[in-house]
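One file, work11.txt, carrying compact mmCIF, C-alpha atoms:
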```txt
# COMPACT_ATOMS: atom_id res chain seq x y z
CA ASN D 1 16.06 -16.66 7.45
CA LEU D 2 14.08 -16.27 4.22
CA GLU D 3 11.51 -18.80 5.44
CA LYS D 4 10.68 -16.72 8.52
CA LEU D 5 9.59 -13.68 6.53
CA LEU D 6 6.10 -12.82 5.36
CA TYR D 7 6.52 -10.70 2.25
CA PHE D 8 3.57 -8.43 1.59
CA ASP D 9 2.32 -5.39 -0.27
CA ILE D 10 -0.94 -3.45 -0.34
CA GLU D 11 -2.81 -1.53 -3.01
CA THR D 12 -4.97 1.37 -1.91
CA VAL D 13 -7.66 3.39 -3.68
CA SER D 14 -10.02 6.28 -3.04
CA GLN D 15 -12.71 5.46 -0.50
CA TYR D 16 -15.41 6.73 -2.86
CA GLN D 17 -15.54 6.95 -6.63
CA HIS D 18 -16.90 10.51 -6.75
CA ILE D 19 -16.55 13.38 -4.33
CA ASP D 20 -20.34 13.77 -4.33
CA GLU D 21 -20.50 10.45 -2.45
CA ILE D 22 -18.27 11.58 0.43
CA PRO D 23 -20.25 12.26 3.63
CA LYS D 24 -20.41 16.00 4.29
CA ARG D 25 -18.40 15.98 7.50
CA LEU D 26 -15.60 13.99 5.88
CA PHE D 27 -15.75 16.08 2.70
CA ASP D 28 -15.40 19.29 4.73
CA MET D 29 -12.29 17.81 6.33
CA TRP D 30 -10.97 16.85 2.90
CA LEU D 31 -11.49 20.41 1.68
CA SER D 32 -9.51 21.73 4.63
CA TYR D 33 -6.49 19.78 3.34
CA TYR D 34 -7.22 20.42 -0.33
CA ASP D 35 -4.29 22.78 -0.98
CA ASN D 36 -1.85 20.17 0.32
CA PHE D 37 -3.50 17.44 -1.74
CA ARG D 38 -3.34 19.63 -4.84
CA LYS D 39 0.45 19.76 -4.48
CA ARG D 40 0.64 15.95 -4.43
CA VAL D 41 -1.02 15.46 -7.81
CA THR D 42 1.18 13.10 -9.81
CA ASP D 43 -0.23 13.75 -13.30
CA GLU D 44 -0.76 17.44 -13.95
CA SER D 45 -1.64 16.72 -17.57
CA LYS D 46 -5.06 15.52 -16.38
CA ILE D 47 -5.86 18.96 -14.95
CA ASP D 48 -6.66 21.89 -17.21
CA SER D 49 -7.56 24.82 -14.99
CA GLU D 50 -8.86 26.84 -17.93
CA SER D 51 -11.36 24.31 -19.28
CA MET D 52 -12.32 22.41 -16.11
CA THR D 53 -14.72 23.60 -13.44
CA GLU D 54 -13.50 23.80 -9.84
CA LYS D 55 -15.53 20.72 -8.99
CA GLU D 56 -13.97 18.78 -11.86
CA ILE D 57 -10.52 19.78 -10.65
CA GLN D 58 -11.39 18.67 -7.13
CA GLN D 59 -12.61 15.34 -8.47
CA GLU D 60 -9.35 14.77 -10.33
CA VAL D 61 -7.25 15.75 -7.31
CA TYR D 62 -9.30 13.35 -5.18
CA ARG D 63 -8.87 10.55 -7.71
CA GLN D 64 -5.10 11.00 -7.81
CA THR D 65 -4.39 11.52 -4.12
CA ALA D 66 -7.03 9.94 -1.85
CA ALA D 67 -5.31 6.55 -1.96
CA PHE D 68 -2.26 8.00 -0.18
CA PHE D 69 -4.24 8.72 2.98
CA PRO D 70 -6.08 6.12 5.10
CA GLU D 71 -8.50 8.80 6.26
CA PHE D 72 -9.73 9.26 2.67
CA GLY D 73 -8.68 6.02 0.99
CA LYS D 74 -9.16 2.31 1.60
CA VAL D 75 -7.48 -1.05 1.04
CA ALA D 76 -8.26 -2.73 -2.29
CA CYS D 77 -5.78 -5.60 -2.20
CA VAL D 78 -3.21 -7.24 0.06
CA SER D 79 -0.86 -9.78 -1.46
CA MET D 80 1.64 -11.87 0.47
CA ALA D 81 4.17 -14.61 -0.08
CA PHE D 82 5.89 -17.30 1.94
CA VAL D 83 9.12 -19.03 0.92
CA ASN D 84 9.36 -22.72 1.74
CA LYS D 85 12.32 -24.81 0.56
CA GLY D 86 12.98 -22.37 -2.24
CA LYS D 87 9.41 -22.34 -3.48
CA VAL D 88 7.27 -19.20 -3.26
CA LYS D 89 3.59 -19.43 -2.35
CA PHE D 90 1.35 -16.41 -2.96
CA GLU D 91 -1.95 -15.49 -1.36
CA SER D 92 -4.07 -12.40 -1.97
CA PHE D 93 -7.12 -10.82 -0.41
CA TYR D 94 -8.83 -8.31 -2.67
CA GLY D 95 -12.11 -6.90 -3.97
CA GLU D 96 -14.70 -4.39 -2.84
CA ASP D 97 -15.23 -5.65 0.73
CA GLU D 98 -12.44 -3.92 2.66
CA LEU D 99 -13.70 -5.22 6.00
CA ASP D 100 -13.38 -8.81 4.79
CA ILE D 101 -9.88 -8.12 3.44
CA LEU D 102 -8.78 -6.74 6.80
CA LYS D 103 -10.27 -9.63 8.77
CA GLN D 104 -8.65 -12.27 6.56
CA LEU D 105 -5.30 -10.48 6.70
CA ARG D 106 -5.43 -10.23 10.48
CA GLU D 107 -6.04 -13.97 10.75
CA VAL D 108 -2.85 -14.66 8.81
CA PHE D 109 -0.75 -12.10 10.70
CA ASP D 110 -1.98 -13.28 14.09
CA LYS D 111 -1.25 -16.88 13.11
CA ILE D 112 2.37 -16.21 12.15
CA ASP D 113 3.10 -13.90 15.11
CA PRO D 114 3.81 -16.67 17.67
CA LEU D 115 5.72 -18.61 15.01
CA GLY D 116 8.46 -15.97 14.96
CA PHE D 117 7.83 -14.48 11.53
CA ASP D 118 8.86 -10.95 10.62
CA LEU D 119 7.11 -8.74 8.06
CA CYS D 120 8.98 -7.82 4.90
CA GLY D 121 8.05 -5.18 2.34
CA GLN D 122 9.02 -2.00 0.54
CA ASN D 123 8.48 1.08 2.75
CA ILE D 124 6.05 -0.87 4.92
CA THR D 125 7.09 1.05 8.04
CA GLY D 126 6.38 4.33 6.28
CA PHE D 127 3.19 3.41 4.43
CA ASP D 128 1.69 -0.09 4.41
CA ILE D 129 1.64 -0.81 8.15
CA PRO D 130 0.41 2.67 9.23
CA PHE D 131 -2.21 2.67 6.47
CA LEU D 132 -3.50 -0.75 7.47
CA GLY D 133 -3.41 0.10 11.17
CA LYS D 134 -5.56 3.17 10.68
CA ARG D 135 -7.99 1.32 8.43
CA TYR D 136 -8.39 -1.31 11.16
CA PHE D 137 -9.25 1.46 13.63
CA ILE D 138 -11.64 3.16 11.19
CA ASN D 139 -13.41 -0.14 10.53
CA GLY D 140 -13.81 -0.83 14.24
CA LEU D 141 -11.21 -3.59 14.38
CA LYS D 142 -8.08 -4.23 16.41
CA PRO D 143 -4.90 -4.33 14.30
CA PRO D 144 -2.88 -7.57 14.08
CA THR D 145 -0.84 -8.37 17.18
CA LEU D 146 2.33 -8.27 15.07
CA PHE D 147 1.85 -4.58 14.26
CA PRO D 148 3.89 -2.02 16.22
CA LYS D 149 2.03 -0.01 18.85
CA HIS D 150 2.49 3.57 19.95
CA ASP D 151 5.00 2.49 22.60
CA THR D 152 6.91 -0.11 20.57
CA LYS D 153 10.66 0.50 20.72
CA PRO D 154 12.57 0.67 17.40
CA TRP D 155 14.54 -2.46 18.27
CA GLU D 156 11.30 -4.31 18.96
CA LEU D 157 9.97 -3.89 15.42
CA ARG D 158 9.59 -7.20 13.65
CA VAL D 159 10.01 -5.71 10.22
CA LEU D 160 12.52 -6.05 7.41
CA ASP D 161 11.91 -3.02 5.20
CA THR D 162 13.65 -3.27 1.83
CA LYS D 163 13.70 0.51 1.58
CA ASP D 164 15.73 0.73 4.79
CA VAL D 165 18.01 -2.07 3.60
CA TRP D 166 18.70 -0.20 0.37
CA GLN D 167 19.21 3.22 1.97
CA PHE D 168 21.94 2.13 4.43
CA GLY D 169 20.68 4.63 7.01
CA SER D 170 20.43 7.55 4.58
CA LYS D 171 17.16 9.48 4.49
CA TRP D 172 17.79 10.94 1.04
CA SER D 173 18.81 7.93 -1.06
CA LEU D 174 16.85 6.93 -4.15
CA SER D 175 15.02 3.75 -3.24
CA SER D 176 11.91 3.12 -5.33
CA LEU D 177 11.08 -0.54 -5.89
CA ASP D 178 11.28 -0.08 -9.66
CA LEU D 179 14.74 1.49 -9.38
CA VAL D 180 16.09 -1.21 -7.05
CA CYS D 181 14.80 -3.91 -9.41
CA SER D 182 16.43 -2.17 -12.36
CA VAL D 183 19.89 -1.83 -10.84
CA LEU D 184 19.80 -5.41 -9.47
CA ASP D 185 18.64 -6.76 -12.86
CA ILE D 186 15.38 -8.10 -11.43
CA ASP D 187 12.11 -8.09 -13.36
CA SER D 188 10.21 -4.92 -12.47
CA PRO D 189 6.59 -5.20 -11.32
CA LYS D 190 5.83 -1.89 -13.03
CA ASN D 191 5.75 -3.21 -16.59
CA GLY D 192 2.04 -4.06 -16.79
CA ASP D 193 -0.97 -1.90 -17.63
CA VAL D 194 -1.88 -1.48 -13.94
CA LYS D 195 0.59 0.69 -12.05
CA GLY D 196 0.57 2.61 -8.82
CA ASP D 197 -0.71 5.83 -10.37
CA ASN D 198 -3.76 4.24 -11.99
CA VAL D 199 -4.84 1.64 -9.42
CA THR D 200 -7.79 3.78 -8.31
CA THR D 201 -9.06 4.19 -11.88
CA ASN D 202 -8.75 0.45 -12.52
CA TYR D 203 -10.45 -0.37 -9.23
CA TRP D 204 -13.55 1.70 -10.01
CA SER D 205 -13.56 0.15 -13.50
CA GLY D 206 -13.92 -3.25 -11.88
CA LYS D 207 -10.44 -4.53 -12.75
CA HIS D 208 -9.86 -6.22 -9.40
CA GLU D 209 -8.07 -9.25 -10.83
CA GLU D 210 -5.62 -7.02 -12.68
CA ILE D 211 -4.88 -5.13 -9.45
CA LYS D 212 -4.28 -8.42 -7.63
CA GLU D 213 -1.85 -9.53 -10.34
CA TYR D 214 0.01 -6.21 -10.09
CA CYS D 215 0.19 -6.48 -6.30
CA GLU D 216 1.55 -10.02 -6.52
CA ARG D 217 4.23 -8.85 -8.96
CA ASP D 218 5.32 -6.34 -6.31
CA VAL D 219 5.58 -9.12 -3.75
CA LYS D 220 7.54 -11.36 -6.12
CA ALA D 221 9.99 -8.49 -6.63
CA LEU D 222 10.43 -8.28 -2.85
CA VAL D 223 11.26 -11.98 -2.65
CA ASP D 224 13.70 -11.66 -5.56
CA ILE D 225 15.47 -8.67 -3.97
CA ILE D 226 15.89 -10.26 -0.55
CA THR D 227 16.95 -13.59 -2.08
CA LYS D 228 19.56 -11.91 -4.26
CA LEU D 229 20.99 -9.83 -1.41
CA ASN D 230 20.99 -12.85 0.90
CA ASN D 231 23.03 -14.85 -1.60
CA LEU D 232 25.80 -12.27 -2.02
CA LYS D 233 29.31 -13.62 -1.48
```
Just dump the structure as structure tokens.
Amino acid sequence: NLEKLLYFDIETVSQYQHIDEIPKRLFDMWLSYYDNFRKRVTDESKIDSESMTEKEIQQEVYRQTAAFFPEFGKVACVSMAFVNKGKVKFESFYGEDELDILKQLREVFDKIDPLGFDLCGQNITGFDIPFLGKRYFINGLKPPTLFPKHDTKPWELRVLDTKDVWQFGSKWSLSSLDLVCSVLDIDSPKNGDVKGDNVTTNYWSGKHEEIKEYCERDVKALVDIITKLNNLK
């Protein structure tokens, strides 16, 4: 039932703009994982080991990777959509106040829980839900009641993950949102200036509206994918 799904996506960024701002205890922990983070750098062209100081390299690694980890990143935007009689309604919570974003999101999730809604998103079981859950803990808040707990059984999950739908049980299938949109002839959300690999840079440049628009394009793509698959003959 397309009208009993809450489609959503999150955008995450580094918790601090510069590594000098990270509290010492947290920075020491970050350094202990630094070698692993260095391997996750997505744009090696931004790192020149010969001309950059070690601190400059660390800053660039932090900029490119902190958003992947809720311990070192934070939520910058959450966009969602409801489908009602074929019409799609969007709502987004975004900006610099992560605590406010989390509180507003929880209100929506807790409201739809008793109404029988399921959550729908791309890789939300692998990233979005765990990231949000940890950020709720870190900010001293309880996660939404709809979120899985440590003892939730797999068949009790109220989640429709488009990545799982596309992979048909395979753990090795290609399944990026951009790829799925391409092969299904759906407009890709990755065509704008803001993309996943530069969200942090745009966030610290104050481009919050642009990030919201990018996040909403992701959510629209989710709706389009599920609608198209649901209408197959």
**Residue contacts of Gly121 of chain D (6 Å, only C-alpha atoms) excluding same-chain residues fewer than 2 positions away, as an MDAnalysis selection string** = chainID D and resid 7:8 124 161:162
**Request:** Would you mind listing what lies within 12 Å of Gln58 of chain D as a PyMOL selection string, with all atoms listed in the file counted and same-chain residues fewer than 6 positions away left out?
**Result:** chain D and resi 18-20+27+30-31+33-35+37-38+41+46-49+52+64-66
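A straight line drawn from atom CA of Gly140 of chain D to atom CA of Glu11 of chain D is 20.5 Å long.
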**Prompt:** What is the distance between atom CA of Phe127 of chain D and atom CA of Glu56 of chain D, in Å to one decimal?
**Reply:**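 Separation of atom CA of Phe127 of chain D and atom CA of Glu56 of chain D: 28.2 Å.
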**Asked** Which residue, D:Arg40, D:Lys87, D:Arg63, D:Lys149, has the smallest gap to Ser14 of chain D when you use only C-alpha atoms?
**Response** D:Arg63
**Request:** Work out how far atom CA of Tyr16 of chain D is from atom CA of Gly73 of chain D, in Å to one decimal.
**Result:**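 Interatomic distance, atom CA of Gly73 of chain D to atom CA of Tyr16 of chain D: 7.8 Å.
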**Message:** Env of segment 108-118 of chain D: 7 Å cut, atoms = only C-alpha atoms, seq-sep filter 2 positions within chain, self excluded. Answer as an NGL selection string.
**Reply:** :D and (4-6 or 104-106 or 120 or 144-146 or 158-160)
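Candidate residues D:Val194, D:Val83, D:Leu184, D:Leu2 were compared for distance to Asp218 of chain D, and the nearest is D:Val194, using only C-alpha atoms.
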**Message:** Considering all atoms listed in the file, can you say which of D:Asn1, D:Asn202, D:Thr125, D:Ser170 comes closest to Ala76 of chain D?
**Reply:**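 Checking each candidate against Ala76 of chain D, we get D:Asn202 as the closest.
For the set D:Ser51, D:Phe68, D:Ile101, D:Lys39, the residue with the smallest atom-to-atom gap to Gly126 of chain D is D:Phe68, counting all atoms listed in the file.
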**Residue neighbourhood Ile10 of chain D, 12 Å, all atoms listed in the file, exclusion window fewer than 2 positions, as a ChimeraX atom specification** = /D:7-8,12-13,67-68,74-80,92-94,98,101-102,105,121-124,127-132,196,199,211-219
My structure is short of atoms at segment 130-165 of chain D; please model N, CA and C atoms there, returning them as a compact mmCIF listing (two decimals), keeping the file's coordinate frame.
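Resulting contents of selection.txt:
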```txt
# COMPACT_ATOMS: atom_id res chain seq x y z
N PRO D 130 1.26 1.59 8.69
CA PRO D 130 0.41 2.67 9.23
C PRO D 130 -0.93 2.78 8.52
N PHE D 131 -0.95 2.59 7.20
CA PHE D 131 -2.21 2.67 6.47
C PHE D 131 -3.16 1.58 6.95
N LEU D 132 -2.66 0.35 7.01
CA LEU D 132 -3.50 -0.75 7.47
C LEU D 132 -3.96 -0.54 8.91
N GLY D 133 -3.04 -0.11 9.77
CA GLY D 133 -3.41 0.10 11.17
C GLY D 133 -4.55 1.08 11.33
N LYS D 134 -4.49 2.17 10.60
CA LYS D 134 -5.56 3.17 10.68
C LYS D 134 -6.87 2.65 10.10
N ARG D 135 -6.76 1.87 9.02
CA ARG D 135 -7.99 1.32 8.43
C ARG D 135 -8.63 0.30 9.37
N TYR D 136 -7.82 -0.43 10.14
CA TYR D 136 -8.39 -1.31 11.16
C TYR D 136 -9.17 -0.48 12.18
N PHE D 137 -8.57 0.59 12.68
CA PHE D 137 -9.25 1.46 13.63
C PHE D 137 -10.55 2.00 13.05
N ILE D 138 -10.47 2.52 11.83
CA ILE D 138 -11.64 3.16 11.19
C ILE D 138 -12.76 2.16 10.98
N ASN D 139 -12.41 0.90 10.74
CA ASN D 139 -13.41 -0.14 10.53
C ASN D 139 -13.82 -0.83 11.83
N GLY D 140 -13.40 -0.28 12.96
CA GLY D 140 -13.81 -0.83 14.24
C GLY D 140 -13.15 -2.14 14.62
N LEU D 141 -11.93 -2.36 14.13
CA LEU D 141 -11.21 -3.59 14.38
C LEU D 141 -9.88 -3.32 15.08
N LYS D 142 -9.41 -4.30 15.84
CA LYS D 142 -8.08 -4.23 16.41
C LYS D 142 -7.07 -4.62 15.33
N PRO D 143 -5.93 -3.94 15.26
CA PRO D 143 -4.90 -4.33 14.30
C PRO D 143 -4.28 -5.68 14.68
N PRO D 144 -3.57 -6.32 13.76
CA PRO D 144 -2.88 -7.57 14.08
C PRO D 144 -1.92 -7.39 15.25
N THR D 145 -1.72 -8.44 16.02
CA THR D 145 -0.84 -8.37 17.18
C THR D 145 0.61 -8.11 16.78
N LEU D 146 0.97 -8.45 15.55
CA LEU D 146 2.33 -8.27 15.07
C LEU D 146 2.65 -6.81 14.75
N PHE D 147 1.64 -5.99 14.61
CA PHE D 147 1.85 -4.58 14.26
C PHE D 147 2.47 -3.82 15.44
N PRO D 148 3.35 -2.86 15.15
CA PRO D 148 3.89 -2.02 16.22
C PRO D 148 2.79 -1.17 16.85
N LYS D 149 2.96 -0.88 18.13
CA LYS D 149 2.03 -0.01 18.85
C LYS D 149 2.69 1.33 19.11
N HIS D 150 1.96 2.23 19.73
CA HIS D 150 2.49 3.57 19.95
C HIS D 150 3.73 3.57 20.84
N ASP D 151 3.87 2.54 21.69
CA ASP D 151 5.00 2.49 22.60
C ASP D 151 6.03 1.42 22.23
N THR D 152 5.94 0.88 21.01
CA THR D 152 6.91 -0.11 20.57
C THR D 152 8.27 0.54 20.34
N LYS D 153 9.31 -0.03 20.90
CA LYS D 153 10.66 0.50 20.72
C LYS D 153 11.18 0.13 19.33
N PRO D 154 12.06 0.96 18.75
CA PRO D 154 12.57 0.67 17.40
C PRO D 154 13.19 -0.72 17.29
N TRP D 155 13.89 -1.16 18.33
CA TRP D 155 14.54 -2.46 18.27
C TRP D 155 13.56 -3.62 18.47
N GLU D 156 12.31 -3.28 18.79
CA GLU D 156 11.30 -4.31 18.96
C GLU D 156 10.49 -4.56 17.69
N LEU D 157 10.71 -3.73 16.67
CA LEU D 157 9.97 -3.89 15.42
C LEU D 157 10.35 -5.21 14.75
N ARG D 158 9.34 -5.93 14.34
CA ARG D 158 9.59 -7.20 13.65
C ARG D 158 9.34 -6.99 12.15
N VAL D 159 10.19 -6.16 11.60
CA VAL D 159 10.01 -5.71 10.22
C VAL D 159 11.36 -5.70 9.51
N LEU D 160 11.38 -6.21 8.30
CA LEU D 160 12.52 -6.05 7.41
C LEU D 160 12.03 -5.21 6.23
N ASP D 161 12.38 -3.95 6.22
CA ASP D 161 11.91 -3.02 5.20
C ASP D 161 12.98 -2.89 4.12
N THR D 162 12.66 -3.30 2.90
CA THR D 162 13.65 -3.27 1.83
C THR D 162 14.11 -1.85 1.51
N LYS D 163 13.27 -0.88 1.79
CA LYS D 163 13.70 0.51 1.58
C LYS D 163 14.82 0.86 2.55
N ASP D 164 14.68 0.47 3.81
CA ASP D 164 15.73 0.73 4.79
C ASP D 164 17.00 -0.03 4.45
N VAL D 165 16.85 -1.27 3.99
CA VAL D 165 18.01 -2.07 3.60
C VAL D 165 18.79 -1.36 2.50
```
